[in-house]
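Enquirer: Just so it is clear, I am handing over model.csv, which has CSV, C-alpha atoms and all ligand atoms.
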chain,number,residue,atom,x,y,z
L,499,MET,CA,-4.7,-9.4,15.8
L,500,ILE,CA,-1.4,-10.1,13.9
L,501,GLU,CA,2.0,-9.6,15.4
L,502,VAL,CA,5.0,-9.6,13.2
L,503,LYS,CA,8.1,-9.7,15.3
L,504,ASN,CA,11.6,-8.9,14.0
L,505,LEU,CA,11.0,-10.8,10.8
L,506,VAL,CA,14.0,-11.6,8.6
L,507,LYS,CA,14.2,-13.5,5.4
L,508,LYS,CA,17.4,-14.2,3.5
L,509,TYR,CA,17.6,-15.8,0.1
L,510,GLY,CA,21.2,-16.9,0.1
L,511,THR,CA,23.0,-13.6,0.9
L,512,HIS,CA,20.1,-11.5,-0.3
L,513,LEU,CA,18.1,-9.9,2.5
L,514,ALA,CA,14.6,-9.8,1.2
L,515,VAL,CA,12.9,-9.0,4.5
L,516,ASP,CA,14.9,-6.9,6.9
L,517,HIS,CA,13.8,-6.9,10.5
L,518,LEU,CA,10.1,-6.2,10.0
L,519,ASP,CA,8.2,-5.4,13.2
L,520,PHE,CA,4.6,-4.4,13.4
L,521,GLN,CA,1.1,-5.2,14.7
L,522,LEU,CA,-2.1,-5.2,12.8
L,523,GLU,CA,-5.4,-4.5,14.6
L,524,PRO,CA,-8.7,-6.1,13.7
L,525,GLY,CA,-11.3,-4.5,11.3
L,526,ARG,CA,-9.0,-2.4,9.2
L,527,ILE,CA,-7.8,-2.6,5.6
L,528,TYR,CA,-4.0,-2.5,5.5
L,529,GLY,CA,-2.1,-1.9,2.3
L,530,PHE,CA,1.4,-3.1,1.8
L,531,LEU,CA,2.9,-0.7,-0.7
L,532,GLY,CA,6.3,-1.0,-2.3
L,533,PRO,CA,8.0,-1.2,-5.6
L,534,ASN,CA,8.6,-4.5,-7.3
L,535,GLY,CA,11.0,-6.6,-5.3
L,536,ALA,CA,10.5,-4.7,-2.1
L,537,GLY,CA,9.6,-7.9,-0.2
L,538,LYS,CA,5.8,-7.7,0.0
L,539,SER,CA,5.1,-11.3,-1.3
L,540,THR,CA,7.9,-12.8,0.8
L,541,THR,CA,6.4,-11.1,3.9
L,542,MET,CA,2.9,-12.3,3.0
L,543,ASN,CA,4.1,-15.8,2.3
L,544,ILE,CA,5.7,-15.9,5.8
L,545,MET,CA,2.7,-14.4,7.5
L,546,THR,CA,0.5,-17.1,6.0
L,547,GLY,CA,2.8,-20.0,6.8
L,548,TYR,CA,3.8,-20.8,3.2
L,549,LEU,CA,7.4,-19.9,3.8
L,550,GLY,CA,9.7,-20.1,6.8
L,551,ALA,CA,11.4,-17.1,8.1
L,552,THR,CA,15.2,-16.9,8.7
L,553,GLU,CA,14.5,-15.1,12.0
L,554,GLY,CA,11.6,-13.7,13.9
L,555,ALA,CA,8.0,-14.8,14.4
L,556,VAL,CA,4.4,-14.2,13.2
L,557,VAL,CA,1.6,-14.6,15.7
L,558,ILE,CA,-1.9,-14.8,14.5
L,559,ASP,CA,-4.6,-14.3,17.1
L,560,GLY,CA,-2.2,-15.7,19.7
L,561,HIS,CA,-1.0,-18.7,17.6
L,562,ASP,CA,2.6,-18.8,16.2
L,563,ILE,CA,2.4,-19.5,12.5
L,564,LEU,CA,5.4,-21.9,12.7
L,565,ARG,CA,4.7,-23.6,16.0
L,566,GLU,CA,0.9,-24.0,15.6
L,567,PRO,CA,0.4,-23.7,11.9
L,568,GLU,CA,-3.0,-25.4,11.8
L,569,GLU,CA,-4.5,-23.2,14.5
L,570,ALA,CA,-3.0,-20.1,13.1
L,571,LYS,CA,-4.1,-20.9,9.5
L,572,LYS,CA,-7.7,-21.3,10.5
L,573,HIS,CA,-7.8,-17.5,11.0
L,574,ILE,CA,-6.4,-16.7,7.6
L,575,GLY,CA,-7.6,-16.7,4.1
L,576,TYR,CA,-4.9,-16.1,1.5
L,577,LEU,CA,-4.9,-15.2,-2.1
L,578,PRO,CA,-1.2,-15.6,-3.3
L,579,GLU,CA,0.2,-13.7,-6.2
L,580,LEU,CA,-0.3,-16.8,-8.3
L,581,PRO,CA,-3.3,-18.7,-6.9
L,582,PRO,CA,-2.8,-22.4,-7.0
L,583,LEU,CA,-5.9,-23.3,-9.1
L,584,TYR,CA,-6.6,-26.8,-10.4
L,585,MET,CA,-7.1,-26.1,-14.1
L,586,ASP,CA,-9.0,-29.3,-14.8
L,587,MET,CA,-11.6,-28.8,-12.1
L,588,THR,CA,-14.8,-26.8,-12.5
L,589,VAL,CA,-15.2,-23.8,-10.3
L,590,LEU,CA,-17.7,-25.6,-8.1
L,591,GLU,CA,-15.5,-28.7,-7.8
L,592,TYR,CA,-12.5,-26.6,-6.9
L,593,LEU,CA,-14.3,-24.6,-4.2
L,594,GLU,CA,-15.8,-27.8,-2.8
L,595,PHE,CA,-12.3,-29.2,-2.6
L,596,ALA,CA,-11.0,-26.1,-1.0
L,597,ALA,CA,-13.8,-26.2,1.6
L,598,GLU,CA,-12.8,-29.8,2.4
L,599,LEU,CA,-9.2,-28.7,2.8
L,600,LYS,CA,-10.2,-25.9,5.1
L,601,GLU,CA,-12.1,-28.5,7.2
L,602,ILE,CA,-15.4,-26.7,6.9
L,603,PRO,CA,-17.9,-29.2,8.4
L,604,LYS,CA,-19.6,-31.3,5.7
L,605,LYS,CA,-23.1,-30.1,6.4
L,606,GLU,CA,-22.0,-26.5,6.1
L,607,ARG,CA,-19.9,-26.9,2.9
L,608,GLU,CA,-22.6,-26.5,0.3
L,609,ALA,CA,-23.9,-23.3,1.9
L,610,SER,CA,-20.4,-21.9,2.4
L,611,VAL,CA,-19.4,-22.5,-1.2
L,612,GLN,CA,-22.7,-21.0,-2.4
L,613,LYS,CA,-22.2,-17.9,-0.3
L,614,VAL,CA,-18.7,-17.2,-1.6
L,615,MET,CA,-19.9,-17.8,-5.2
L,616,ASP,CA,-22.6,-15.3,-4.6
L,617,ILE,CA,-20.2,-12.7,-3.2
L,618,THR,CA,-17.6,-13.1,-6.0
L,619,LYS,CA,-20.3,-13.4,-8.7
L,620,LEU,CA,-19.2,-16.8,-9.9
L,621,ASN,CA,-22.6,-18.5,-10.1
L,622,ASP,CA,-22.8,-18.2,-13.9
L,623,VAL,CA,-19.4,-20.0,-14.4
L,624,GLN,CA,-19.6,-22.6,-11.6
L,625,PHE,CA,-19.8,-25.5,-14.1
L,626,ARG,CA,-16.9,-24.2,-16.3
L,627,LEU,CA,-13.4,-25.7,-16.2
L,628,ILE,CA,-11.0,-23.2,-14.6
L,629,LYS,CA,-8.6,-23.5,-17.5
L,630,ASN,CA,-11.3,-22.0,-19.7
L,631,LEU,CA,-11.9,-19.0,-17.6
L,632,SER,CA,-10.6,-15.5,-18.3
L,633,LYS,CA,-7.9,-14.0,-16.0
L,634,GLY,CA,-10.4,-11.9,-14.2
L,635,TYR,CA,-12.7,-14.9,-13.4
L,636,ARG,CA,-9.7,-17.0,-12.3
L,637,GLN,CA,-8.8,-14.2,-9.9
L,638,ARG,CA,-12.3,-14.3,-8.5
L,639,VAL,CA,-12.0,-18.0,-8.0
L,640,GLY,CA,-8.8,-17.4,-6.1
L,641,LEU,CA,-10.5,-14.7,-4.0
L,642,ALA,CA,-13.5,-17.0,-3.4
L,643,GLN,CA,-11.1,-19.7,-2.1
L,644,ALA,CA,-9.5,-17.1,0.2
L,645,ILE,CA,-12.7,-15.9,1.8
L,646,LEU,CA,-14.2,-19.4,2.0
L,647,GLY,CA,-15.1,-20.1,5.6
L,648,PHE,CA,-14.9,-16.4,6.4
L,649,PRO,CA,-11.6,-16.3,8.3
L,650,ASP,CA,-11.0,-13.3,10.5
L,651,ILE,CA,-8.0,-12.2,8.4
L,652,ILE,CA,-7.9,-12.0,4.6
L,653,ILE,CA,-4.6,-11.6,3.0
L,654,LEU,CA,-4.5,-10.7,-0.7
L,655,ASP,CA,-1.3,-10.4,-2.8
L,656,GLU,CA,-1.8,-7.9,-5.6
L,657,PRO,CA,-5.5,-8.8,-5.9
L,658,THR,CA,-6.2,-6.6,-8.9
L,659,VAL,CA,-3.2,-7.3,-11.0
L,660,GLY,CA,-4.1,-8.2,-14.6
L,661,LEU,CA,-7.7,-7.2,-14.3
L,662,ASP,CA,-9.6,-4.8,-16.5
L,663,PRO,CA,-10.8,-1.5,-15.1
L,664,LYS,CA,-14.4,-2.8,-14.5
L,665,GLN,CA,-13.1,-5.9,-12.7
L,666,ILE,CA,-10.8,-3.7,-10.6
L,667,ILE,CA,-13.7,-1.6,-9.4
L,668,GLU,CA,-15.7,-4.7,-8.6
L,669,ILE,CA,-12.8,-6.3,-6.7
L,670,ARG,CA,-12.2,-3.1,-4.7
L,671,GLU,CA,-15.9,-2.9,-3.8
L,672,LEU,CA,-15.7,-6.5,-2.7
L,673,ILE,CA,-12.6,-5.8,-0.5
L,674,ARG,CA,-14.4,-2.8,1.1
L,675,GLU,CA,-17.4,-5.0,1.8
L,676,LEU,CA,-15.2,-7.8,3.3
L,677,ALA,CA,-13.5,-5.2,5.6
L,678,LYS,CA,-16.8,-4.6,7.4
L,679,GLU,CA,-16.3,-7.9,9.2
L,680,HIS,CA,-12.7,-8.9,8.5
L,681,THR,CA,-9.2,-7.6,8.7
L,682,VAL,CA,-8.0,-7.3,5.2
L,683,ILE,CA,-4.3,-7.0,4.2
L,684,LEU,CA,-3.5,-6.4,0.5
L,685,SER,CA,-0.3,-5.7,-1.3
L,686,SER,CA,0.1,-3.5,-4.3
L,687,HIS,CA,2.8,-1.5,-6.1
L,688,ILE,CA,0.1,0.9,-7.2
L,689,LEU,CA,-0.2,3.9,-4.9
L,690,ALA,CA,-3.6,5.0,-6.2
L,691,GLU,CA,-5.0,1.5,-5.5
L,692,VAL,CA,-3.8,1.5,-1.9
L,693,ARG,CA,-4.9,5.0,-1.3
L,694,GLU,CA,-8.4,4.2,-2.7
L,695,VAL,CA,-9.1,1.1,-0.6
L,696,CYS,CA,-6.9,1.1,2.5
L,697,ASP,CA,-7.3,3.0,5.7
L,698,TYR,CA,-3.7,2.2,6.8
L,699,ILE,CA,-0.7,2.2,4.5
L,700,MET,CA,2.6,0.4,5.2
L,701,ILE,CA,5.4,1.4,2.8
L,702,ILE,CA,8.0,-1.3,2.4
L,703,SER,CA,11.3,-0.6,0.7
L,704,ARG,CA,14.1,-3.1,0.3
L,705,GLY,CA,12.6,-5.3,2.9
L,706,LYS,CA,12.2,-2.6,5.5
L,707,LEU,CA,9.1,-0.8,6.8
L,708,VAL,CA,9.9,2.8,6.0
L,709,ALA,CA,6.5,4.3,7.0
L,710,SER,CA,3.2,3.1,8.4
L,711,ASP,CA,0.2,5.4,8.9
L,712,THR,CA,-3.1,6.6,7.5
L,713,PRO,CA,-2.9,8.1,4.0
L,714,GLU,CA,-3.7,11.5,5.5
L,715,ASN,CA,-0.9,11.3,8.1
L,716,LEU,CA,1.6,10.2,5.5
L,717,GLU,CA,0.8,13.3,3.6
L,718,HIS,CA,1.3,15.4,6.7
L,719,LEU,CA,4.6,13.6,7.3
L,720,MET,CA,6.0,15.7,4.5
L,721,ALA,CA,4.2,18.9,5.7
L,722,GLY,CA,7.5,20.4,6.8
L,723,GLN,CA,8.5,20.4,3.1
L,724,ASN,CA,5.5,22.3,2.0
L,725,SER,CA,6.4,25.2,-0.2
L,726,LEU,CA,5.0,28.2,-1.9
L,727,GLU,CA,5.8,29.6,-5.3
L,728,ILE,CA,5.5,33.3,-6.3
L,729,GLU,CA,6.2,35.4,-9.3
L,730,THR,CA,6.6,39.2,-9.4
L,731,LYS,CA,8.1,41.9,-11.5
L,732,ALA,CA,10.4,43.1,-8.7
L,733,GLU,CA,14.2,42.5,-8.8
L,734,PRO,CA,15.4,39.4,-7.0
L,735,GLU,CA,17.1,41.3,-4.2
L,736,ARG,CA,14.0,43.3,-3.5
L,737,VAL,CA,12.0,40.0,-3.4
L,738,ARG,CA,14.4,38.5,-1.0
L,739,LYS,CA,14.2,41.6,1.3
L,740,ILE,CA,10.4,41.5,1.3
L,741,LEU,CA,10.3,37.8,2.0
L,742,ARG,CA,12.8,38.0,4.8
L,743,SER,CA,10.4,40.5,6.6
L,744,ILE,CA,7.7,37.8,6.8
L,745,SER,CA,7.7,35.4,9.8
L,746,GLY,CA,7.4,31.8,8.8
L,747,VAL,CA,9.6,32.0,5.7
L,748,ASP,CA,12.4,29.4,6.0
L,749,LYS,CA,14.3,29.0,2.7
L,750,ILE,CA,14.1,31.1,-0.4
L,751,GLU,CA,15.3,30.2,-3.9
L,752,LEU,CA,15.1,32.9,-6.5
L,753,GLU,CA,15.3,32.9,-10.3
L,754,ARG,CA,15.1,35.7,-12.9
L,755,THR,CA,12.9,34.5,-15.7
L,756,GLU,CA,13.2,35.3,-19.4
L,757,GLU,CA,10.1,37.5,-19.1
L,758,ALA,CA,12.1,39.8,-16.7
L,759,THR,CA,10.1,38.6,-13.7
L,760,THR,CA,11.4,37.0,-10.5
L,761,TYR,CA,10.3,33.5,-9.6
L,762,ALA,CA,10.7,32.5,-6.0
L,763,ARG,CA,10.2,29.1,-4.3
L,764,ILE,CA,9.7,29.5,-0.6
L,765,GLU,CA,9.8,26.8,2.1
L,766,THR,CA,7.7,27.5,5.1
L,767,GLY,CA,8.4,26.6,8.6
L,768,THR,CA,6.3,24.5,11.0
L,769,ALA,CA,4.3,26.4,13.6
L,770,VAL,CA,4.5,25.6,17.3
L,771,SER,CA,1.3,23.5,16.8
L,772,GLY,CA,3.2,21.3,14.5
L,773,GLU,CA,0.9,22.3,11.6
L,774,ASN,CA,2.4,23.8,8.5
L,775,GLN,CA,2.0,27.6,8.5
L,776,ASP,CA,-0.1,29.2,5.8
L,777,ILE,CA,1.6,32.4,5.1
L,778,ARG,CA,0.0,33.2,1.8
L,779,GLU,CA,-2.0,36.1,3.2
L,780,ALA,CA,1.1,37.6,4.8
L,781,ILE,CA,3.0,37.3,1.5
L,782,PHE,CA,0.2,39.0,-0.4
L,783,LEU,CA,0.0,41.9,2.0
L,784,ALA,CA,3.8,42.4,2.2
L,785,PHE,CA,4.2,42.6,-1.5
L,786,ALA,CA,1.1,44.9,-1.8
L,787,GLU,CA,2.5,47.2,0.8
L,788,ALA,CA,5.9,47.3,-1.0
L,789,GLY,CA,4.1,48.2,-4.2
L,790,CYS,CA,5.2,45.0,-6.0
L,791,PRO,CA,2.2,43.3,-7.5
L,792,LEU,CA,2.3,39.5,-7.4
L,793,LEU,CA,1.8,37.8,-10.8
L,794,MET,CA,1.4,34.4,-9.2
L,795,LEU,CA,1.1,32.9,-5.7
L,796,LYS,CA,0.7,29.2,-5.3
L,797,ALA,CA,1.0,26.6,-2.5
L,798,SER,CA,2.4,23.3,-3.4
L,799,LYS,CA,1.7,20.5,-0.9
L,800,ALA,CA,3.6,17.2,-0.8
L,801,SER,CA,1.4,14.5,-2.3
L,802,LEU,CA,1.4,10.9,-1.3
L,803,GLU,CA,3.2,10.2,-4.6
L,804,GLU,CA,6.1,12.4,-3.4
L,805,VAL,CA,6.1,10.8,0.0
L,806,PHE,CA,6.3,7.4,-1.7
L,807,MET,CA,9.0,8.4,-4.1
L,808,GLU,CA,11.0,10.0,-1.3
L,809,LEU,CA,10.8,6.9,0.9
L,810,THR,CA,11.5,4.4,-1.7
L,811,GLN,CA,14.1,6.4,-3.7
L,812,GLY,CA,16.5,4.4,-5.8
L,813,GLU,CA,14.6,1.1,-5.0
L,814,GLU,CA,13.9,0.2,-8.6
L,815,ALA,CA,17.5,0.4,-9.5
L,816,THR,CA,18.9,-1.5,-6.6
L,817,ALA,CA,16.2,-3.8,-5.2
L,818,ASP,CA,17.0,-6.7,-7.5
L,819,ALA,CA,20.7,-6.1,-8.0
L,820,GLY,CA,21.4,-8.7,-5.4
L,821,ASP,CA,19.9,-11.4,-7.6
L,822,LEU,CA,22.2,-10.7,-10.6
A,901,LIG,N1,12.8,-17.9,-4.1
A,901,LIG,C1,13.6,-16.8,-4.1
A,901,LIG,N2,14.9,-17.0,-4.3
A,901,LIG,C2,15.7,-15.9,-4.3
A,901,LIG,N3,15.3,-14.6,-4.3
A,901,LIG,C3,14.0,-14.4,-4.2
A,901,LIG,C4,13.1,-15.5,-4.1
A,901,LIG,N4,11.8,-14.9,-3.9
A,901,LIG,C5,12.0,-13.6,-3.9
A,901,LIG,N5,13.3,-13.3,-4.1
A,901,LIG,C6,13.9,-11.9,-4.1
A,901,LIG,O1,13.5,-11.3,-2.8
A,901,LIG,C7,13.2,-9.9,-3.1
A,901,LIG,C8,11.7,-9.7,-2.6
A,901,LIG,O2,10.8,-10.3,-3.4
A,901,LIG,P1,9.2,-10.3,-3.3
A,901,LIG,O3,8.6,-11.1,-4.3
A,901,LIG,O4,8.9,-10.6,-1.8
A,901,LIG,O5,9.0,-8.8,-3.6
A,901,LIG,P2,7.6,-8.0,-3.9
A,901,LIG,O6,7.6,-6.8,-3.1
A,901,LIG,O7,6.4,-8.9,-3.6
A,901,LIG,O8,7.7,-7.7,-5.4
A,901,LIG,P3,6.6,-7.9,-6.6
A,901,LIG,O9,5.6,-6.9,-6.4
A,901,LIG,O10,7.5,-7.8,-7.8
A,901,LIG,O11,6.1,-9.3,-6.4
A,901,LIG,C9,13.4,-9.7,-4.5
A,901,LIG,O12,14.6,-9.1,-4.7
A,901,LIG,C10,13.3,-11.0,-5.2
A,901,LIG,O13,14.0,-11.1,-6.3
Translate this file's structure into structure tokens.
Ligand SMILES: Nc1ncnc2c1ncn2[C@@H]1O[C@H](COP(=O)(O)OP(=O)(O)OP(=O)(O)O)[C@@H](O)[C@H]1O
Expert:
Amino acid sequence: MIEVKNLVKKYGTHLAVDHLDFQLEPGRIYGFLGPNGAGKSTTMNIMTGYLGATEGAVVIDGHDILREPEEAKKHIGYLPELPPLYMDMTVLEYLEFAAELKEIPKKEREASVQKVMDITKLNDVQFRLIKNLSKGYRQRVGLAQAILGFPDIIILDEPTVGLDPKQIIEIRELIRELAKEHTVILSSHILAEVREVCDYIMIISRGKLVASDTPENLEHLMAGQNSLEIETKAEPERVRKILRSISGVDKIELERTEEATTYARIETGTAVSGENQDIREAIFLAFAEAGCPLLMLKASKASLEEVFMELTQGEEATADAGDL
């Protein structure tokens, strides 16, 4: 279990992490999602003990990362944004060295290194110098180092950045596999990636946690803003009158089109159950009864993209302004 308590990080006057407070339960895949500069890497660097916080604390399985760094770090495997690889070592030498640093007992080292090379499919390149590997293979070496010793918690900063589509699929499969026995936290600025792999999404914007939930619940978050679109030949005033007679219709926007039809965008209310009401049937029947055929009737549901855009609005323009 990871507890992040009231975490603050300032770079000079720039507030990169702004009072983050959350807890992560074992056995899940968490995704830190946010635009560039949102504070994801800074948060991960603090959680893994690579960077000190200005305020607040991170507790890993009961150990404070600053007060008991050695104990806390035993529970974490970390793939930073730029993995610190030794370019003049072979893959095998590097992983053996990493196993030593992680204090994996000598008699277990060989088997441990072999196991992570099997998992990350590095066997074929184990005698190659790291400097001669492609970006994708280097990323795998970084990942192999992170999972070496199989710590409870695996933290991956942008694990698929710079990889080709085939490598991305492989790394995602690997992450899912790891999550069967570990807690995995990964960061990404790509929504599709987080949605694809994570069962819990934490949206970070300007150093703040602006939402944290399952992908499905985040989509529901915007349910109140679900809307319907219709098009009919009736005059706008007639359309408004018919719509007003239907319960569940909240807001109506009307537009007369060039084809002499009326286009209406309708926002629907939320029922007592909290669920968004589906009033498509009622709309269809009301227009049929009034003798106004509908040319189009369509429900438009808020997508996760819209939730993300809404929550991180303006971020790109302002996130890095403090650094100028
Ligand atoms: N060493 C530093 N000194 C000053 N400012 C920094 C430093 N490191 C990061 N920042 C700033 O802190 C903010 C958060 O950066 P961070 O790298 O944590 O964001 P991120 O969400 O990981 O973004 P990216 O996806 O681009 O890596 C940014 O505005 C960044 O410019």
Enquirer: Let me have all residues with an atom within 10 Å of ligand LIG 901 (chain A), counting all atoms listed in the file, laid out as a PyMOL selection string.
Expert: chain L and resi 507-515+530-544+549+579+655-656+659+685-688+702-705+816-822
Enquirer: Contacts of Thr755 (chain L) at 12 Å or less, counting all atoms listed in the file, minus same-chain residues fewer than 3 places along, as a list in words?
Expert: Glu729, Thr730, Lys731, Ala732, Glu733, Pro734, Leu752, Ala758, Thr759, Thr760, Tyr761 and Ala762 of chain L
Enquirer: Quick one: write out the picked residues with C-alpha atoms as a CSV table (one decimal), in the coordinates of the input?
Expert:
chain,number,residue,atom,x,y,z
L,729,GLU,CA,6.2,35.4,-9.3
L,730,THR,CA,6.6,39.2,-9.4
L,731,LYS,CA,8.1,41.9,-11.5
L,732,ALA,CA,10.4,43.1,-8.7
L,733,GLU,CA,14.2,42.5,-8.8
L,734,PRO,CA,15.4,39.4,-7.0
L,752,LEU,CA,15.1,32.9,-6.5
L,758,ALA,CA,12.1,39.8,-16.7
L,759,THR,CA,10.1,38.6,-13.7
L,760,THR,CA,11.4,37.0,-10.5
L,761,TYR,CA,10.3,33.5,-9.6
L,762,ALA,CA,10.7,32.5,-6.0
Enquirer: Mind pulling up the distance from CA of Asp650 (chain L) to CA of Val502 (chain L)?
Expert: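 Separation between CA of Val502 (chain L) and CA of Asp650 (chain L): 16.6 Å.
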Enquirer: Could you name the residues that touch region 763-765 of chain L at 8 Å or less, counting all atoms listed in the file, but leaving out those on the same chain fewer than 3 positions away, as a ChimeraX atom specification?
Expert: /L:723-728,747-752
Enquirer: So how far away is CA of Glu591 (chain L) from CA of Lys571 (chain L), in Å?
Expert: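 One can read the CA of Lys571 (chain L) to CA of Glu591 (chain L) distance as 22.1 Å.
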Enquirer: Kindly indicate which residue among L:Thr766, L:Phe806, L:Leu741, L:Met587 lies nearest to Ile781 (chain L), using all atoms listed in the file for the distances.
Expert: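 Looking only at the distances to Ile781 (chain L), the closest residue turns out to be L:Leu741.
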Enquirer: List as a ChimeraX atom specification the protein and nucleic acid residues near region 628-645 of chain L, meaning an atom at most 9 Å away when all atoms listed in the file are counted, but skip any in the same chain fewer than 6 places from it.
Expert: /L:574-578,580-589,592-593,596-597,611,614-615,617-620,651-654,657-662,665-666,669,676
Enquirer: Considering all atoms listed in the file, can you say which of L:Val708, L:Ala555, L:Ile527, L:Ile563 comes closest to Val692 (chain L)?
Expert: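 Answer, going by the shortest atom-to-atom distance: L:Ile527.
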Enquirer: Find the residues around Glu501 (chain L) up to 12 Å (only C-alpha atoms counted), leave out those fewer than 5 positions away in its own chain, and share them as a list of chain:residue names.
Expert: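 Within the cut-off, the hits are L:Leu518, L:Asp519, L:Phe520, L:Gln521, L:Leu522, L:Glu523, L:Pro524, L:Met545, L:Gly554, L:Ala555, L:Val556, L:Val557, L:Ile558, L:Asp559, L:Gly560, L:His561, L:Asp562, L:Ile563, L:Ala570.
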Enquirer: In Å, with one decimal, what is the gap from CA of Arg670 (chain L) to CA of Leu707 (chain L)?
Expert: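 Between CA of Arg670 (chain L) and CA of Leu707 (chain L) the gap is 24.3 Å.
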Enquirer: So, counting all atoms listed in the file, which residue among L:Gly550, L:Leu672, L:Ala690, L:Glu598 is closest to Leu646 (chain L)?
Expert: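 When distances to Leu646 (chain L) are compared using all atoms listed in the file, the smallest one comes from L:Glu598.
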